[in-house]
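Student: Structure incoming, see below.
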Amino acid sequence: MNPGYLSWLLMVISLILFASGWKDILMRGMTSRVILLFFVSFLIGIPLFVTVPGGRVSLWLLILLGYAGLVLWKLDRLVNKLHVISVGILVGSLSFFMQETVYLFSSLVLGSLELTMALVVGLLVVMTLKLPSVQIAMLTVGLSLGEFFYLYIHQKHTGMELGSLKLLDRWWLNVFITRGLSMVMRGIFLAGKQSLAFVTAIIKLSLKNKLGNKE
């Protein structure tokens with residue numbers, strides 16, 4: 001599949017899901033106006049690049065990094081901000097490490113490197129961050145850092161173009177996997193909670209009946 005095709009496919013699926021009423025489930029806490037503004041600015045920024053010393057950066061990535069900075073700024077406590085930043089750095093380090101060592105652990109790759117990375121990163125983000133907006137913000141920061149580290153190491157062969165269509169595909173895949181894992185884990189938690197409440201109610205009823213029979 002050519003770079004960019006996966007992004008468009010997942011973007012269309014996202015729009016269909018939001019139009020079908022899944023917004024509050026997939027992206028709870030975000031208004032429809034914010035989501036619409038995100039998609040419009042995202043589409044405008046994909047073909048545009050900003051020249052920086054040593055290379056260039058895609059405008060869509062700058063827009064996402066600006067969004068990540070806004071999310072980080074809105075967090076209320078310093079300790080929460082530091083926690084989120086540490087997760088973003090960890091995601092970036094993990095992304096870079098997996099790109100560099102994929103040939104050493106090829107037997108552990110599930111289908112493709114991108115899918116394996118998305119699953120590992122998604123589990124990390126889901127286990128450490130709960131809010132969808134914060135998850136996406138730190139995915140953006142982490143994947144950008146990982147890509148920057150990789151390009152910096154291999155700049156003689158690849159150049160320094162941060163925000164390629166390959167990174168765009170990776171970003172969308174990681175967002176989908178992360179939000180999917182979040183929904184699955186939330187469903188498991190709710191099912192476990194309801195099961196525990198049901199078992200507790202049965203035990204209480206059984207004890208009540210036994211006490212009543214003794215009387």
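Residues in the structure tokens are named by chain (A, B, ... in the order shown) and by number from 1 within that chain; ligands are numbered from 1 in the order shown.
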I need the helix (DSSP H, G or I) residues of region 10-179 of chain A per DSSP on the backbone, written as a PyMOL selection string.

Tutor: chain A and resi 10-19+23-26+32-45+59-74+78-101+106-108+113-128+132-153+155-158+165-179

Student: Using only C-alpha atoms, which residues sit within 10 Å of Gly4 (chain A) once same-chain residues fewer than 5 positions away are excluded, as a compact mmCIF listing (two decimals) with all heavy atoms, in the first residue's frame?

Tutor:
# COMPACT_ATOMS: atom_id res chain seq x y z
N LEU A 9 -8.05 6.33 4.31
CA LEU A 9 -9.05 5.30 4.66
C LEU A 9 -9.51 5.46 6.10
O LEU A 9 -10.72 5.47 6.38
CB LEU A 9 -8.45 3.91 4.43
CG LEU A 9 -9.33 2.73 4.83
CD1 LEU A 9 -10.61 2.70 4.03
CD2 LEU A 9 -8.56 1.41 4.67
N ILE A 46 -1.88 18.97 5.18
CA ILE A 46 -1.20 17.79 4.65
C ILE A 46 -0.25 18.12 3.49
O ILE A 46 0.91 17.67 3.48
CB ILE A 46 -2.23 16.71 4.24
CG1 ILE A 46 -2.84 16.08 5.49
CG2 ILE A 46 -1.57 15.63 3.38
CD1 ILE A 46 -3.92 15.05 5.19
N SER A 164 6.28 13.07 6.92
CA SER A 164 6.02 12.40 5.65
C SER A 164 4.67 11.67 5.70
O SER A 164 4.06 11.53 6.76
CB SER A 164 7.14 11.39 5.34
OG SER A 164 7.17 10.39 6.34
N LEU A 165 4.24 11.19 4.53
CA LEU A 165 2.99 10.43 4.49
C LEU A 165 3.11 9.12 5.26
O LEU A 165 2.11 8.61 5.78
CB LEU A 165 2.61 10.15 3.02
CG LEU A 165 2.20 11.36 2.19
CD1 LEU A 165 1.89 10.93 0.76
CD2 LEU A 165 0.99 12.05 2.80
N LYS A 166 4.30 8.58 5.35
CA LYS A 166 4.51 7.37 6.14
C LYS A 166 4.25 7.63 7.62
O LYS A 166 3.60 6.83 8.30
CB LYS A 166 5.94 6.86 5.94
CG LYS A 166 6.23 5.56 6.67
CD LYS A 166 7.65 5.09 6.41
CE LYS A 166 7.95 3.79 7.15
NZ LYS A 166 9.33 3.33 6.91
N LEU A 167 4.72 8.76 8.11
CA LEU A 167 4.44 9.14 9.50
C LEU A 167 2.96 9.43 9.69
O LEU A 167 2.39 9.13 10.75
CB LEU A 167 5.27 10.36 9.89
CG LEU A 167 5.07 10.88 11.32
CD1 LEU A 167 5.43 9.80 12.34
CD2 LEU A 167 5.90 12.15 11.56
N LEU A 168 2.33 10.00 8.68
CA LEU A 168 0.89 10.26 8.74
C LEU A 168 0.12 8.96 8.89
O LEU A 168 -0.81 8.86 9.72
CB LEU A 168 0.45 11.01 7.49
CG LEU A 168 -1.03 11.43 7.43
CD1 LEU A 168 -1.36 12.43 8.52
CD2 LEU A 168 -1.36 12.01 6.05
N ASP A 169 0.48 7.95 8.10
CA ASP A 169 -0.15 6.63 8.22
C ASP A 169 0.07 6.04 9.61
O ASP A 169 -0.84 5.47 10.21
CB ASP A 169 0.42 5.67 7.17
CG ASP A 169 -0.05 5.98 5.76
OD1 ASP A 169 -1.03 6.73 5.62
OD2 ASP A 169 0.57 5.49 4.81
N ARG A 170 1.29 6.19 10.10
CA ARG A 170 1.62 5.65 11.43
C ARG A 170 0.80 6.34 12.51
O ARG A 170 0.32 5.69 13.44
CB ARG A 170 3.12 5.83 11.70
CG ARG A 170 3.58 5.26 13.04
CD ARG A 170 5.08 5.46 13.20
NE ARG A 170 5.79 4.81 12.12
CZ ARG A 170 7.01 5.17 11.71
NH1 ARG A 170 7.63 6.18 12.30
NH2 ARG A 170 7.60 4.52 10.73

Student: Could you state the separation of CA of Ile25 (chain A) and CA of Ser133 (chain A) in Å, given to one decimal place?

Tutor: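 Between CA of Ile25 (chain A) and CA of Ser133 (chain A) the gap works out to 12.7 Å.
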
Student: Between A:Leu124, A:Met98, A:Val175, A:Leu190, which one has atoms that come closest to Tyr150 (chain A), using only C-alpha atoms?

Tutor: A:Met98

Student: What lies within 9 Å of Gly55 (chain A) using only C-alpha atoms, ignoring chain neighbours under 5 positions off, as JSON, numbers by chain?

Tutor: {"A": [50, 159, 160, 161, 162]}

Student: Next, write the just-selected residues to a file, as a compact mmCIF listing (two decimals), in the first residue's frame, keeping all heavy atoms as the atom set.

Tutor:
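The resulting file, again-v7.txt, is shown below:
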# COMPACT_ATOMS: atom_id res chain seq x y z
N VAL A 50 6.79 23.54 5.96
CA VAL A 50 7.47 24.73 6.47
C VAL A 50 8.97 24.44 6.50
O VAL A 50 9.40 23.44 7.08
CB VAL A 50 6.97 25.10 7.89
CG1 VAL A 50 7.76 26.28 8.44
CG2 VAL A 50 5.48 25.41 7.87
N GLY A 159 17.49 12.27 4.56
CA GLY A 159 17.21 13.70 4.67
C GLY A 159 16.41 13.99 5.93
O GLY A 159 16.10 13.10 6.71
N MET A 160 16.07 15.25 6.11
CA MET A 160 15.32 15.66 7.31
C MET A 160 13.98 16.26 6.90
O MET A 160 13.77 17.46 6.90
CB MET A 160 16.13 16.67 8.12
CG MET A 160 17.26 16.06 8.92
SD MET A 160 16.69 14.96 10.25
CE MET A 160 15.95 16.16 11.34
N GLU A 161 13.07 15.38 6.49
CA GLU A 161 11.70 15.80 6.15
C GLU A 161 10.77 15.20 7.18
O GLU A 161 10.35 14.05 7.08
CB GLU A 161 11.33 15.35 4.74
CG GLU A 161 9.94 15.82 4.32
CD GLU A 161 9.59 15.40 2.90
OE1 GLU A 161 10.38 15.69 1.99
OE2 GLU A 161 8.53 14.77 2.72
N LEU A 162 10.44 15.99 8.18
CA LEU A 162 9.62 15.51 9.29
C LEU A 162 8.14 15.75 8.97
O LEU A 162 7.71 16.89 8.78
CB LEU A 162 10.00 16.25 10.58
CG LEU A 162 9.40 15.73 11.88
CD1 LEU A 162 9.79 14.28 12.11
CD2 LEU A 162 9.87 16.59 13.05

Student: Between A:Ile13, A:Val102, A:Leu123, A:Leu62, which one has atoms that come closest to Arg179 (chain A), using only C-alpha atoms?

Tutor: A:Leu123

Student: Can you list every residue of region 107-137 of chain A that has an atom at most 8 Å from region 74-94 of chain A, with its nearest atom pair and the distance in Å to one decimal, using only C-alpha atoms, ordered by chain then number, as JSON lines?

Tutor:
{"residue": "A:Val121", "atom": "CA", "partner": "A:Val91", "partner_atom": "CA", "distance": 6.4}
{"residue": "A:Leu124", "atom": "CA", "partner": "A:Val91", "partner_atom": "CA", "distance": 7.8}
{"residue": "A:Val125", "atom": "CA", "partner": "A:Val87", "partner_atom": "CA", "distance": 7.4}
{"residue": "A:Thr128", "atom": "CA", "partner": "A:Val87", "partner_atom": "CA", "distance": 7.4}
{"residue": "A:Leu129", "atom": "CA", "partner": "A:Val84", "partner_atom": "CA", "distance": 7.6}
{"residue": "A:Val134", "atom": "CA", "partner": "A:Val84", "partner_atom": "CA", "distance": 7.7}

Student: Near Phe39 (chain A), within 12 Å and counting only C-alpha atoms, which residues show up once chain neighbours fewer than 3 positions away are dropped, as a PDB file with C-alpha atoms, in the first residue's frame?

Tutor:
ATOM      1  CA  TRP A   8      -7.285   8.597   3.976  1.00  0.00           C
ATOM      2  CA  MET A  11      -9.902   9.395   8.122  1.00  0.00           C
ATOM      3  CA  VAL A  12     -13.022   8.466   6.142  1.00  0.00           C
ATOM      4  CA  SER A  14     -13.497   8.307  11.475  1.00  0.00           C
ATOM      5  CA  LEU A  15     -15.879  10.732   9.780  1.00  0.00           C
ATOM      6  CA  PHE A  18     -18.577  10.464  14.162  1.00  0.00           C
ATOM      7  CA  SER A  32     -18.135  18.544  17.524  1.00  0.00           C
ATOM      8  CA  ARG A  33     -16.791  22.015  16.713  1.00  0.00           C
ATOM      9  CA  VAL A  34     -13.289  21.096  17.892  1.00  0.00           C
ATOM     10  CA  ILE A  35     -13.342  17.845  15.889  1.00  0.00           C
ATOM     11  CA  LEU A  36     -14.544  19.650  12.748  1.00  0.00           C
ATOM     12  CA  PHE A  42      -5.572  18.765   9.144  1.00  0.00           C
ATOM     13  CA  LEU A  43      -6.632  18.490   5.505  1.00  0.00           C
ATOM     14  CA  ILE A  44      -5.263  21.949   4.718  1.00  0.00           C
ATOM     15  CA  GLY A  45      -1.913  21.161   6.328  1.00  0.00           C
ATOM     16  CA  ILE A  46      -1.195  17.789   4.645  1.00  0.00           C
ATOM     17  CA  TRP A  60      -0.157  18.973   9.508  1.00  0.00           C
ATOM     18  CA  ILE A  63      -0.863  21.711  13.735  1.00  0.00           C
ATOM     19  CA  LEU A  64      -0.972  18.484  15.756  1.00  0.00           C
TER      20      LEU A  64
END

Student: Given only C-alpha atoms as the basis, pick out the residue of A:Glu147, A:Ser7, A:Glu114, A:Gly163 nearest to Pro47 (chain A).

Tutor: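 Once distances to Pro47 (chain A) are computed over only C-alpha atoms, the minimum belongs to A:Gly163.
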
Student: For CA of Val141 (chain A) and CA of Thr31 (chain A), determine how far apart the two atoms are, in Å to one decimal place.

Tutor: 22.1 Å

Student: Go through chain A and collect every residue that DSSP, computed from the backbone, puts in strand (DSSP E); the answer should be as a list in words.

Tutor: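 Here are the strand (DSSP E) residues of chain A: Phe49, Val50, Thr51, Val52, Gly55, Arg56, Val57, Ser58, Glu161 and Leu162 of chain A.
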
Student: Can you write out the residues you just picked, keeping C-alpha atoms, as a short mmCIF file (atom, residue, chain, number, x, y, z; two decimals), in the first residue's frame?

Tutor:
data_model
loop_
_atom_site.label_atom_id
_atom_site.label_comp_id
_atom_site.auth_asym_id
_atom_site.auth_seq_id
_atom_site.Cartn_x
_atom_site.Cartn_y
_atom_site.Cartn_z
CA PHE A 49 5.58 22.19 4.38
CA VAL A 50 7.47 24.73 6.47
CA THR A 51 11.18 25.11 5.82
CA VAL A 52 13.39 24.96 8.90
CA GLY A 55 15.17 20.37 6.47
CA ARG A 56 11.42 20.94 6.46
CA VAL A 57 8.39 20.05 8.56
CA SER A 58 4.89 19.27 7.33
CA GLU A 161 11.70 15.80 6.15
CA LEU A 162 9.62 15.51 9.29
#

Student: If you measure from CA of Gly142 (chain A) to CA of Gly187 (chain A), what distance in Å do you get, rounded to one decimal?

Tutor: 26.4 Å
